[in-house]
$ cat data-v7.txt   # compact mmCIF, C-alpha atoms and all ligand atoms
# COMPACT_ATOMS: atom_id res chain seq x y z
CA MET Q 88 12.37 123.56 49.38
CA LYS Q 89 10.43 121.84 46.56
CA TYR Q 90 11.50 119.97 43.44
CA ALA Q 91 10.04 121.13 40.11
CA HIS Q 92 8.88 118.04 38.17
CA ILE Q 93 7.79 118.08 34.53
CA VAL Q 94 4.33 116.49 34.68
CA GLY Q 95 2.85 117.54 31.33
CA TRP Q 96 4.01 118.36 27.81
CA GLY Q 97 2.48 119.37 24.50
CA SER Q 98 3.48 120.78 21.15
CA VAL Q 99 1.96 122.02 17.93
CA LEU Q 100 3.25 122.64 14.41
CA PRO Q 101 1.15 124.50 11.82
CA ASP Q 102 -0.36 122.32 9.06
CA LYS Q 103 1.25 124.21 6.21
CA VAL Q 104 4.61 122.72 5.20
CA LEU Q 105 7.24 124.53 3.13
CA THR Q 106 9.78 122.10 1.65
CA ASN Q 107 13.29 122.93 0.49
CA ASP Q 108 12.06 122.52 -3.08
CA ASP Q 109 9.32 125.10 -2.39
CA LEU Q 110 12.01 127.46 -1.08
CA ALA Q 111 14.13 126.94 -4.18
CA GLU Q 112 11.35 128.68 -6.08
CA LEU Q 113 11.71 131.76 -3.86
CA VAL Q 114 15.50 132.09 -3.52
CA ASP Q 115 18.60 130.74 -5.28
CA THR Q 116 19.05 127.51 -3.31
CA SER Q 117 18.38 123.76 -3.54
CA ASP Q 118 17.14 120.88 -1.42
CA GLU Q 119 20.57 119.28 -1.73
CA TRP Q 120 22.43 122.42 -0.44
CA ILE Q 121 20.05 123.06 2.47
CA PHE Q 122 19.96 119.44 3.64
CA ARG Q 123 23.72 118.93 3.36
CA ARG Q 124 24.59 122.19 5.22
CA THR Q 125 21.80 122.13 7.85
CA GLY Q 126 19.97 118.79 8.02
CA ILE Q 127 16.65 120.53 7.30
CA ARG Q 128 14.20 119.18 4.69
CA GLN Q 129 11.09 121.20 5.52
CA ARG Q 130 9.59 123.73 7.93
CA HIS Q 131 6.03 124.50 9.13
CA ILE Q 132 4.56 127.91 8.43
CA ALA Q 133 1.72 129.54 10.40
CA GLY Q 134 -1.50 130.14 8.49
CA PRO Q 135 -3.26 133.52 8.36
CA LYS Q 136 -5.25 132.79 11.53
CA GLU Q 137 -2.33 131.32 13.49
CA THR Q 138 -0.22 133.56 15.69
CA THR Q 139 2.43 133.06 18.35
CA THR Q 140 -0.39 133.36 20.90
CA THR Q 141 -2.67 130.74 19.31
CA LEU Q 142 0.24 128.30 18.93
CA ALA Q 143 1.38 128.93 22.52
CA PHE Q 144 -2.18 128.39 23.80
CA GLU Q 145 -2.57 125.12 21.87
CA ALA Q 146 0.73 123.73 23.18
CA ALA Q 147 -0.17 124.73 26.75
CA ALA Q 148 -3.68 123.23 26.48
CA ARG Q 149 -2.19 119.93 25.30
CA ALA Q 150 0.39 119.97 28.12
CA LEU Q 151 -2.37 120.53 30.71
CA VAL Q 152 -4.29 117.49 29.43
CA VAL Q 153 -1.21 115.29 29.96
CA ALA Q 154 -0.61 116.84 33.41
CA GLY Q 155 -4.24 116.36 34.44
CA ILE Q 156 -4.14 119.76 36.15
CA PRO Q 157 -6.94 122.31 35.64
CA PRO Q 158 -5.87 125.80 34.48
CA SER Q 159 -7.26 127.24 37.73
CA GLN Q 160 -4.33 125.62 39.59
CA ILE Q 161 -1.63 127.25 37.46
CA GLU Q 162 0.12 130.13 39.21
CA MET Q 163 2.77 131.14 36.66
CA ILE Q 164 2.88 131.21 32.86
CA ILE Q 165 6.09 132.11 31.04
CA VAL Q 166 6.23 132.34 27.25
CA ALA Q 167 9.73 132.36 25.76
CA THR Q 168 9.47 134.06 22.38
CA SER Q 169 11.04 136.61 20.03
CA THR Q 170 7.96 136.87 17.82
CA GLN Q 171 5.24 138.15 20.10
CA GLU Q 172 2.44 140.09 18.36
CA HIS Q 173 2.60 142.80 20.99
CA ILE Q 174 5.25 144.04 23.40
CA PHE Q 175 2.25 144.37 25.69
CA PRO Q 176 -0.13 142.75 26.34
CA SER Q 177 2.36 139.92 26.61
CA THR Q 178 1.75 136.65 24.78
CA ALA Q 179 1.71 134.99 28.20
CA SER Q 180 -1.11 137.24 29.45
CA ARG Q 181 -3.20 136.41 26.40
CA VAL Q 182 -2.51 132.68 26.86
CA GLN Q 183 -3.49 133.06 30.54
CA ASP Q 184 -6.82 134.55 29.40
CA PHE Q 185 -7.42 131.88 26.71
CA LEU Q 186 -6.72 129.13 29.27
CA GLY Q 187 -8.85 130.73 31.97
CA ALA Q 188 -5.86 130.43 34.33
CA THR Q 189 -7.33 133.02 36.66
CA LYS Q 190 -4.77 132.60 39.44
CA ALA Q 191 -1.66 132.85 37.27
CA GLY Q 192 0.92 135.59 36.85
CA ALA Q 193 2.12 135.74 33.25
CA PHE Q 194 5.04 137.24 31.37
CA ASP Q 195 7.11 136.85 28.21
CA LEU Q 196 10.81 136.11 28.37
CA GLY Q 197 13.25 137.15 25.66
CA ALA Q 198 16.44 135.14 25.33
CA ALA Q 199 16.07 134.19 21.64
CA CYS Q 200 16.71 130.49 21.01
CA SER Q 201 17.87 129.98 24.62
CA GLY Q 202 14.51 131.28 25.88
CA PHE Q 203 12.98 127.93 26.81
CA VAL Q 204 15.97 126.92 28.95
CA TYR Q 205 15.94 130.33 30.66
CA ALA Q 206 12.17 130.14 31.29
CA LEU Q 207 12.37 126.58 32.61
CA SER Q 208 15.07 127.63 35.03
CA MET Q 209 13.06 130.69 36.24
CA ALA Q 210 9.89 128.65 36.77
CA ALA Q 211 11.78 125.85 38.54
CA GLN Q 212 13.31 128.39 40.92
CA ALA Q 213 9.88 129.90 41.66
CA ILE Q 214 8.70 126.38 42.54
CA ALA Q 215 11.83 125.55 44.55
CA THR Q 216 11.30 128.63 46.73
CA GLU Q 217 7.60 127.73 47.05
CA SER Q 218 6.36 131.01 45.60
CA VAL Q 219 4.26 128.95 43.17
CA ARG Q 220 3.26 125.28 43.02
CA ASN Q 221 2.29 124.78 39.35
CA ALA Q 222 3.70 126.62 36.34
CA ILE Q 223 3.53 126.41 32.55
CA VAL Q 224 6.64 127.12 30.50
CA ILE Q 225 6.07 127.66 26.78
CA GLY Q 226 8.36 128.27 23.82
CA ALA Q 227 6.39 129.69 20.88
CA GLU Q 228 7.40 131.36 17.63
CA THR Q 229 6.15 132.53 14.26
CA MET Q 230 9.62 133.00 12.78
CA SER Q 231 8.15 133.11 9.26
CA ARG Q 232 6.89 136.63 10.05
CA VAL Q 233 10.32 138.04 10.87
CA LEU Q 234 12.30 136.50 8.01
CA ASP Q 235 13.63 138.30 4.98
CA TRP Q 236 12.32 135.91 2.32
CA GLU Q 237 14.93 137.23 -0.13
CA ASP Q 238 17.87 136.33 2.15
CA ARG Q 239 18.83 132.71 1.43
CA GLY Q 240 21.29 132.74 4.35
CA THR Q 241 18.47 132.97 6.91
CA CYS Q 242 15.06 132.13 5.39
CA ILE Q 243 16.04 128.49 4.84
CA LEU Q 244 16.68 127.86 8.53
CA PHE Q 245 13.57 128.79 10.48
CA GLY Q 246 10.00 127.57 10.98
CA ASP Q 247 6.97 128.12 13.22
CA GLY Q 248 5.58 126.14 16.16
CA ALA Q 249 5.18 125.91 19.92
CA GLY Q 250 5.93 123.52 22.76
CA ALA Q 251 5.06 123.62 26.45
CA VAL Q 252 5.70 121.84 29.72
CA VAL Q 253 3.77 121.90 32.98
CA LEU Q 254 5.94 122.01 36.11
CA GLN Q 255 4.67 120.90 39.51
CA GLY Q 256 6.30 121.28 42.91
CA SER Q 257 6.79 118.18 45.06
CA SER Q 258 8.93 117.18 48.02
CA ILE Q 259 10.01 114.02 46.12
CA PRO Q 260 13.55 114.57 44.78
CA GLY Q 261 13.79 114.80 40.99
CA GLY Q 262 12.69 117.09 38.19
CA VAL Q 263 14.82 120.14 37.35
CA MET Q 264 18.13 119.44 39.11
CA ALA Q 265 20.49 122.20 37.91
CA SER Q 266 20.71 125.03 35.37
CA THR Q 267 23.42 127.29 34.00
CA LEU Q 268 22.52 130.47 32.10
CA ARG Q 269 25.03 132.69 30.29
CA SER Q 270 25.14 135.77 28.05
CA ASP Q 271 27.74 137.67 26.03
CA GLY Q 272 26.19 140.88 24.73
CA SER Q 273 29.36 141.79 22.86
CA GLY Q 274 28.25 139.28 20.21
CA GLY Q 275 24.77 140.78 19.81
CA GLU Q 276 25.37 141.93 16.23
CA MET Q 277 26.05 138.35 15.08
CA LEU Q 278 22.37 137.47 15.24
CA SER Q 279 19.80 140.20 15.52
CA LEU Q 280 16.12 141.01 15.14
CA PRO Q 281 15.32 144.73 15.49
CA ALA Q 282 12.17 145.68 17.35
CA VAL Q 283 9.48 147.62 15.52
CA TYR Q 284 10.90 151.06 16.31
CA GLN Q 285 10.45 152.34 12.80
CA ASN Q 286 8.60 155.60 13.52
CA PRO Q 287 10.89 158.59 13.11
CA VAL Q 288 11.35 160.52 16.34
CA PRO Q 289 10.95 164.19 15.22
CA MET Q 290 13.05 165.83 17.94
CA LEU Q 291 15.95 163.41 17.33
CA GLY Q 292 16.05 163.87 13.56
CA LYS Q 293 16.02 161.25 10.83
CA GLU Q 294 19.13 159.43 12.00
CA SER Q 295 17.85 158.61 15.48
CA LEU Q 296 19.03 155.27 16.78
CA HIS Q 297 15.75 153.45 16.39
CA SER Q 298 14.69 154.78 13.02
CA ARG Q 299 17.74 153.40 11.22
CA HIS Q 300 16.19 149.89 11.13
CA LYS Q 301 14.39 149.68 7.81
CA LYS Q 302 12.94 146.24 8.37
CA ASN Q 303 12.33 144.13 11.42
CA THR Q 304 13.75 140.91 9.99
CA ILE Q 305 16.52 138.62 11.22
CA THR Q 306 20.11 139.30 10.22
CA MET Q 307 22.82 136.78 10.95
CA ASN Q 308 26.50 136.14 10.41
CA GLY Q 309 26.09 132.40 9.81
CA ARG Q 310 29.76 131.41 10.09
CA GLN Q 311 30.33 133.30 13.34
CA VAL Q 312 27.11 131.94 14.85
CA PHE Q 313 28.17 128.46 13.81
CA ARG Q 314 31.53 128.76 15.61
CA PHE Q 315 29.90 130.25 18.72
CA ALA Q 316 27.22 127.55 18.81
CA THR Q 317 29.55 124.54 18.57
CA LYS Q 318 31.70 125.93 21.41
CA VAL Q 319 28.94 126.86 23.88
CA LEU Q 320 26.79 123.80 23.22
CA SER Q 321 29.44 121.39 24.51
CA GLU Q 322 30.63 123.77 27.27
CA SER Q 323 27.08 124.27 28.57
CA VAL Q 324 26.50 120.54 28.82
CA GLU Q 325 29.77 120.08 30.73
CA ASP Q 326 29.05 123.04 33.07
CA VAL Q 327 25.54 121.96 33.98
CA LEU Q 328 26.58 118.35 34.56
CA GLU Q 329 29.37 119.50 36.89
CA LYS Q 330 26.83 121.61 38.79
CA ALA Q 331 24.48 118.61 39.10
CA GLY Q 332 27.34 116.31 40.18
CA LEU Q 333 26.81 114.06 37.15
CA SER Q 334 29.02 112.78 34.33
CA ILE Q 335 28.10 112.53 30.66
CA ASP Q 336 27.69 108.75 31.15
CA ASP Q 337 24.84 109.45 33.58
CA VAL Q 338 22.90 111.22 30.80
CA SER Q 339 20.41 109.24 28.70
CA LEU Q 340 19.41 111.98 26.28
CA ILE Q 341 20.38 115.53 25.31
CA VAL Q 342 17.65 117.66 23.73
CA PRO Q 343 19.49 120.56 22.09
CA HIS Q 344 18.19 123.67 20.37
CA GLN Q 345 17.53 122.46 16.83
CA ALA Q 346 19.69 124.87 14.80
CA ASN Q 347 21.82 122.74 12.52
CA VAL Q 348 22.77 119.04 12.44
CA ARG Q 349 26.42 119.99 11.84
CA ILE Q 350 26.49 122.13 15.00
CA ILE Q 351 25.11 119.22 17.03
CA GLU Q 352 27.48 116.66 15.48
CA SER Q 353 30.44 118.90 16.14
CA ALA Q 354 29.37 119.32 19.80
CA ALA Q 355 29.05 115.53 20.09
CA LYS Q 356 32.64 115.20 18.86
CA ARG Q 357 33.86 117.75 21.45
CA LEU Q 358 32.01 115.87 24.20
CA LYS Q 359 33.38 112.55 22.86
CA ILE Q 360 29.90 111.02 22.66
CA SER Q 361 27.81 109.56 19.86
CA PRO Q 362 25.50 112.04 18.06
CA ASP Q 363 22.76 109.47 18.84
CA LYS Q 364 22.72 110.79 22.40
CA PHE Q 365 21.27 114.03 20.96
CA TYR Q 366 17.61 114.05 19.99
CA MET Q 367 17.13 115.73 16.61
CA ASN Q 368 13.94 116.51 14.71
CA LEU Q 369 15.07 119.49 12.65
CA GLU Q 370 14.81 117.53 9.41
CA THR Q 371 11.03 117.97 9.63
CA ALA Q 372 10.51 120.77 12.19
CA SER Q 373 13.51 123.03 11.30
CA ASN Q 374 14.76 125.72 13.70
CA THR Q 375 11.76 127.09 15.62
CA SER Q 376 13.95 129.21 17.94
CA ALA Q 377 12.59 129.21 21.53
CA ALA Q 378 10.04 126.52 20.60
CA SER Q 379 12.54 123.99 19.27
CA ILE Q 380 13.53 122.30 22.56
CA PRO Q 381 9.99 121.65 23.90
CA ILE Q 382 8.83 120.50 20.43
CA ALA Q 383 11.81 118.11 20.23
CA LEU Q 384 11.10 116.93 23.80
CA CYS Q 385 7.52 116.00 22.85
CA ASP Q 386 8.77 114.12 19.78
CA ALA Q 387 11.38 112.31 21.90
CA ILE Q 388 8.66 111.18 24.34
CA LYS Q 389 6.48 109.98 21.42
CA SER Q 390 9.46 108.05 20.04
CA ASN Q 391 9.92 106.37 23.44
CA ARG Q 392 13.36 107.94 23.98
CA LEU Q 393 12.70 108.93 27.63
CA HIS Q 394 12.06 106.64 30.58
CA PRO Q 395 11.58 107.13 34.32
CA ASP Q 396 14.89 107.81 36.11
CA ASP Q 397 16.63 109.01 32.94
CA ASN Q 398 18.72 112.17 33.20
CA VAL Q 399 17.93 114.47 30.29
CA VAL Q 400 19.81 117.68 29.41
CA PHE Q 401 18.17 120.61 27.59
CA VAL Q 402 20.69 122.95 26.00
CA GLY Q 403 19.98 126.18 24.14
CA PHE Q 404 22.01 128.92 22.42
CA GLY Q 405 21.16 131.92 20.31
CA GLY Q 406 20.79 135.66 19.94
CA GLY Q 407 22.02 137.90 22.72
CA LEU Q 408 24.31 136.09 22.61
CA THR Q 409 22.74 133.76 25.15
CA TRP Q 410 23.18 130.13 26.06
CA GLY Q 411 22.32 127.76 28.87
CA ALA Q 412 21.49 124.23 29.91
CA THR Q 413 19.27 122.40 32.39
CA VAL Q 414 19.46 118.85 33.77
CA VAL Q 415 16.16 117.14 34.49
CA LYS Q 416 15.60 113.82 36.22
CA TRP Q 417 12.74 112.41 34.17
CA ASP Q 418 10.15 110.67 36.30
CA VAL Q 419 6.87 110.32 34.44
CA THR Q 420 5.34 107.72 32.18
CA PRO Q 421 2.95 109.21 29.59
CA PRO Q 422 -0.62 108.70 30.87
CA GLU Q 423 -3.39 107.08 28.82
CA ILE Q 424 -5.83 109.82 27.76
CA SER Q 425 -9.07 108.92 25.99
CA PRO Q 426 -10.21 111.10 23.06
CA LEU Q 427 -13.43 111.82 25.00
CA ASP Q 428 -11.49 113.04 28.02
CA ARG Q 429 -9.38 115.24 25.76
CA GLU Q 430 -12.48 116.81 24.18
CA LEU Q 431 -14.20 117.33 27.55
CA LYS Q 432 -11.14 119.14 28.87
CA ARG Q 433 -11.13 121.43 25.84
CA ALA Q 434 -14.69 122.52 26.65
CA ARG Q 435 -13.34 124.54 29.56
CA TYR Q 436 -11.57 126.87 27.12
CA ILE Q 437 -14.89 127.77 25.50
CA VAL Q 438 -16.12 128.67 28.99
CA ALA Q 439 -12.93 130.69 29.59
CA ARG Q 440 -13.44 132.67 26.37
CA GLY Q 441 -17.05 133.34 27.33
CA ARG Q 442 -16.02 134.54 30.78
CA SER Q 443 -13.33 136.78 29.31
CA ARG Q 444 -15.79 138.30 26.83
CA LEU Q 445 -18.31 138.94 29.61
CA LYS Q 446 -15.61 140.75 31.60
CA GLN Q 447 -14.84 142.96 28.61
CA ILE Q 448 -18.52 143.75 28.10
CA GLY Q 449 -18.83 144.50 31.82
CA ARG Q 450 -15.89 146.92 31.61
CA ASN Q 451 -17.37 148.70 28.62
CA ILE Q 452 -20.76 149.04 30.30
CA GLY Q 453 -18.98 150.32 33.42
CA ALA Q 454 -17.15 152.88 31.29
CA ARG Q 455 -20.38 154.09 29.68
CA LEU Q 456 -22.03 154.44 33.07
CA GLY Q 457 -19.03 156.48 34.23
CA GLY Q 458 -17.63 153.89 36.62
CA SER Q 459 -14.09 154.65 37.77
CA PHE Q 460 -12.78 151.06 37.72
CA ALA Q 461 -12.62 150.77 33.94
CA PRO Q 462 -9.40 151.86 32.17
CA ASP Q 463 -11.53 153.32 29.33
CA ALA Q 464 -13.46 155.45 31.78
CA THR Q 465 -10.31 156.63 33.53
CA LEU Q 466 -8.75 157.67 30.26
CA LYS Q 467 -11.85 159.52 29.06
CA ASP Q 468 -12.26 161.30 32.38
CA ALA Q 469 -8.63 162.35 32.35
CA GLU Q 470 -9.02 163.70 28.81
CA LYS Q 471 -11.97 165.81 29.91
CA GLY Q 472 -9.89 167.11 32.81
CA ARG Q 473 -12.33 165.66 35.32
CA LYS Q 474 -11.18 164.41 38.69
CA VAL Q 475 -10.87 160.62 38.65
CA LYS Q 476 -11.90 158.85 41.81
N1 LIG G 501 21.67 128.03 -0.79
C1 LIG G 501 22.73 127.93 -1.61
N2 LIG G 501 23.89 128.55 -1.35
C2 LIG G 501 23.97 129.28 -0.23
C3 LIG G 501 22.89 129.45 0.65
C4 LIG G 501 21.70 128.77 0.34
N3 LIG G 501 20.60 128.84 1.11
N4 LIG G 501 23.26 130.23 1.68
C5 LIG G 501 24.54 130.57 1.45
N5 LIG G 501 24.96 130.02 0.28
C6 LIG G 501 26.27 130.12 -0.35
C7 LIG G 501 27.00 131.38 0.05
O1 LIG G 501 26.63 132.48 -0.76
C8 LIG G 501 28.44 130.98 -0.16
O2 LIG G 501 28.73 131.08 -1.52
P1 LIG G 501 30.18 131.61 -2.01
O3 LIG G 501 31.15 130.62 -1.46
O4 LIG G 501 30.03 131.62 -3.48
O5 LIG G 501 30.31 132.97 -1.38
C9 LIG G 501 28.45 129.49 0.19
O6 LIG G 501 27.08 129.05 0.10
C10 LIG G 501 28.96 129.22 1.59
O7 LIG G 501 28.32 130.16 2.49
P2 LIG G 501 28.49 130.07 4.05
O8 LIG G 501 27.68 131.15 4.68
O9 LIG G 501 29.94 129.99 4.38
O10 LIG G 501 27.81 128.66 4.29
P3 LIG G 501 27.89 127.78 5.57
O11 LIG G 501 28.47 126.47 5.30
O12 LIG G 501 28.44 128.55 6.74
O13 LIG G 501 26.35 127.52 5.84
C11 LIG G 501 24.66 128.31 7.33
C12 LIG G 501 25.48 128.60 6.09
C13 LIG G 501 23.82 127.08 7.06
C14 LIG G 501 23.76 129.49 7.62
C15 LIG G 501 25.63 128.02 8.49
O14 LIG G 501 26.58 129.08 8.61
C16 LIG G 501 24.96 127.88 9.78
O15 LIG G 501 24.17 126.96 10.00
N6 LIG G 501 25.24 128.76 10.75
C17 LIG G 501 24.62 128.74 12.01
C18 LIG G 501 23.30 129.39 11.84
C19 LIG G 501 22.36 129.04 12.92
O16 LIG G 501 22.25 127.90 13.32
N7 LIG G 501 21.65 130.06 13.36
C20 LIG G 501 20.71 129.92 14.32
C21 LIG G 501 21.33 129.63 15.66
S1 LIG G 501 20.71 130.58 16.91
C22 LIG G 501 19.17 130.69 16.58
O17 LIG G 501 18.58 129.69 16.36
C23 LIG G 501 18.50 132.03 16.48

$ encode --input "data-v7.txt" --output "structure tokens" --more "lines below"
Ligand code: ACO
Amino acid sequence: MKYAHIVGWGSVLPDKVLTNDDLAELVDTSDEWIFRRTGIRQRHIAGPKETTTTLAFEAAARALVVAGIPPSQIEMIIVATSTQEHIFPSTASRVQDFLGATKAGAFDLGAACSGFVYALSMAAQAIATESVRNAIVIGAETMSRVLDWEDRGTCILFGDGAGAVVLQGSSIPGGVMASTLRSDGSGGEMLSLPAVYQNPVPMLGKESLHSRHKKNTITMNGRQVFRFATKVLSESVEDVLEKAGLSIDDVSLIVPHQANVRIIESAAKRLKISPDKFYMNLETASNTSAASIPIALCDAIKSNRLHPDDNVVFVGFGGGLTWGATVVKWDVTPPEISPLDRELKRARYIVARGRSRLKQIGRNIGARLGGSFAPDATLKDAEKGRKVK
């Protein structure tokens, strides 16, 4: 049995910033209203060349530099996201390719804003059972692409970004100590993002289940979500601490999903603790769904809010409905990394891209020569009715 320690972390926010004043030019709202009701002043928005995959890759690359582990030693990559460009290939598979993590399995995990906590728990269990030694867990989102920019009840809340942690197995006690994961699908309608099933299905007629979604943008019942969130945030913290055999006094920091300052303050009241025990960065980063906890974690480390031997709780809640929490015994001091070292380590990703491109070219040449290993060739042969070896 191994312990899954967090040994690396990294995050990225797109350069473009959209302030509340900018938003007030798009919808009937104001900086004063948004800040007072949510605690948000601005959000980051992905540029035309940025995608969930590129943000996820950048966060993972930064986390690997801190961990000092080469991508070739990573055996599992999980991307928690609701804004993947493709259902398949998964975002995680594309990140695996960009990193050149040739020995890694990779998959996306969908648990909305709770996704990072779910993914962390899955990866920690894979390490605990010794099926893998090193794993990367990423939360990445481009929420700006699934927002209805005419709906002031939702478009003011969300932003884009990614955060990642590297987990490593060790026999030294510490790291991820306990997790609790929960779901209540009966509340699914409270917060929803339809998939892109907009093509009519001829044999089912116009009113088929999937064709009724006109747009794939987020819909939310804000008040109901608010009530749900304040309840499960405090309950999750209590449940996971009980499981870990700890009390709230043993906890140095809680890094919650960054949804709304009022939700967090209300949870603090229920837990009878100061809101200062919660790390919050949503004033500048907003709600980045599955990415919000690892981005906040990175900011907390930069602000010197975490020290070796601290117990830190990550707690998420969101669509599904889903919620969950994880307790981690923090045991690393941020390493000194020179800019030169950082640049040298990035060179390996240029090599990885080159290797990936060569593989693709090799497959295409194989297909042209009629080789049976290439998917293209298999498909073409099947179309011609030829026997495929
Ligand atoms: N600007 C100005 N006025 C607004 C805006 C806005 N952006 N949005 C709503 N209003 C108005 C409403 O129309 C309403 O006006 P009315 O009284 O004339 O009808 C009034 O403000 C109050 O509306 P409420 O919806 O009751 O406002 P509330 O105080 O609940 O705040 C909010 C809305 C911020 C969305 C809040 O409900 C909330 O934060 N809910 C939780 C949402 C959340 O965190 N979701 C994400 C969690 S999970 C995840 O991250 C995916």

$ closest_residue --input "data-v7.txt" --among "Q:Glu172, Q:Asp108, Q:Glu237, Q:Asp337" --to "Thr141 in chain Q" --atoms "all atoms listed in the file"
Q:Glu172

$ residues_near_ligand --input "data-v7.txt" --ligand "ligand LIG 501 (chain G)" --cutoff "9 Å" --atoms "only C-alpha atoms and all ligand atoms" --output "mmCIF file with C-alpha atoms, in the coordinates of the input"
data_model
loop_
_atom_site.group_PDB
_atom_site.id
_atom_site.type_symbol
_atom_site.label_atom_id
_atom_site.label_comp_id
_atom_site.auth_asym_id
_atom_site.auth_seq_id
_atom_site.Cartn_x
_atom_site.Cartn_y
_atom_site.Cartn_z
ATOM 1 C CA LEU Q 110 12.010 127.460 -1.080
ATOM 2 C CA ALA Q 111 14.130 126.940 -4.180
ATOM 3 C CA VAL Q 114 15.500 132.090 -3.520
ATOM 4 C CA ASP Q 115 18.600 130.740 -5.280
ATOM 5 C CA THR Q 116 19.050 127.510 -3.310
ATOM 6 C CA SER Q 117 18.380 123.760 -3.540
ATOM 7 C CA ASP Q 118 17.140 120.880 -1.420
ATOM 8 C CA GLU Q 119 20.570 119.280 -1.730
ATOM 9 C CA TRP Q 120 22.430 122.420 -0.440
ATOM 10 C CA ILE Q 121 20.050 123.060 2.470
ATOM 11 C CA ARG Q 123 23.720 118.930 3.360
ATOM 12 C CA ARG Q 124 24.590 122.190 5.220
ATOM 13 C CA THR Q 125 21.800 122.130 7.850
ATOM 14 C CA ALA Q 199 16.070 134.190 21.640
ATOM 15 C CA CYS Q 200 16.710 130.490 21.010
ATOM 16 C CA SER Q 201 17.870 129.980 24.620
ATOM 17 C CA ASP Q 238 17.870 136.330 2.150
ATOM 18 C CA ARG Q 239 18.830 132.710 1.430
ATOM 19 C CA GLY Q 240 21.290 132.740 4.350
ATOM 20 C CA THR Q 241 18.470 132.970 6.910
ATOM 21 C CA CYS Q 242 15.060 132.130 5.390
ATOM 22 C CA ILE Q 243 16.040 128.490 4.840
ATOM 23 C CA LEU Q 244 16.680 127.860 8.530
ATOM 24 C CA PHE Q 245 13.570 128.790 10.480
ATOM 25 C CA LEU Q 278 22.370 137.470 15.240
ATOM 26 C CA SER Q 279 19.800 140.200 15.520
ATOM 27 C CA ILE Q 305 16.520 138.620 11.220
ATOM 28 C CA MET Q 307 22.820 136.780 10.950
ATOM 29 C CA ASN Q 308 26.500 136.140 10.410
ATOM 30 C CA GLY Q 309 26.090 132.400 9.810
ATOM 31 C CA ARG Q 310 29.760 131.410 10.090
ATOM 32 C CA GLN Q 311 30.330 133.300 13.340
ATOM 33 C CA VAL Q 312 27.110 131.940 14.850
ATOM 34 C CA PHE Q 313 28.170 128.460 13.810
ATOM 35 C CA ARG Q 314 31.530 128.760 15.610
ATOM 36 C CA PHE Q 315 29.900 130.250 18.720
ATOM 37 C CA ALA Q 316 27.220 127.550 18.810
ATOM 38 C CA HIS Q 344 18.190 123.670 20.370
ATOM 39 C CA GLN Q 345 17.530 122.460 16.830
ATOM 40 C CA ALA Q 346 19.690 124.870 14.800
ATOM 41 C CA ASN Q 347 21.820 122.740 12.520
ATOM 42 C CA VAL Q 348 22.770 119.040 12.440
ATOM 43 C CA ARG Q 349 26.420 119.990 11.840
ATOM 44 C CA ILE Q 350 26.490 122.130 15.000
ATOM 45 C CA ASN Q 374 14.760 125.720 13.700
ATOM 46 C CA THR Q 375 11.760 127.090 15.620
ATOM 47 C CA SER Q 376 13.950 129.210 17.940
ATOM 48 C CA ALA Q 377 12.590 129.210 21.530
ATOM 49 C CA SER Q 379 12.540 123.990 19.270
ATOM 50 C CA GLY Q 403 19.980 126.180 24.140
ATOM 51 C CA PHE Q 404 22.010 128.920 22.420
ATOM 52 C CA GLY Q 405 21.160 131.920 20.310
ATOM 53 C CA GLY Q 406 20.790 135.660 19.940
ATOM 54 C CA LEU Q 408 24.310 136.090 22.610
#

$ atom_distance --input "data-v7.txt" --atom1 "CA of Ser98 in chain Q" --atom2 "CA of Gln171 in chain Q"
17.5 Å

$ atom_distance --input "data-v7.txt" --atom1 "CA of Trp96 in chain Q" --atom2 "CA of Ala331 in chain Q"
23.4 Å

$ closest_residue --input "data-v7.txt" --among "Q:Thr306, Q:Ser361, Q:Gln160, Q:Thr267" --to "Val253 in chain Q" --atoms "only C-alpha atoms"
Q:Gln160
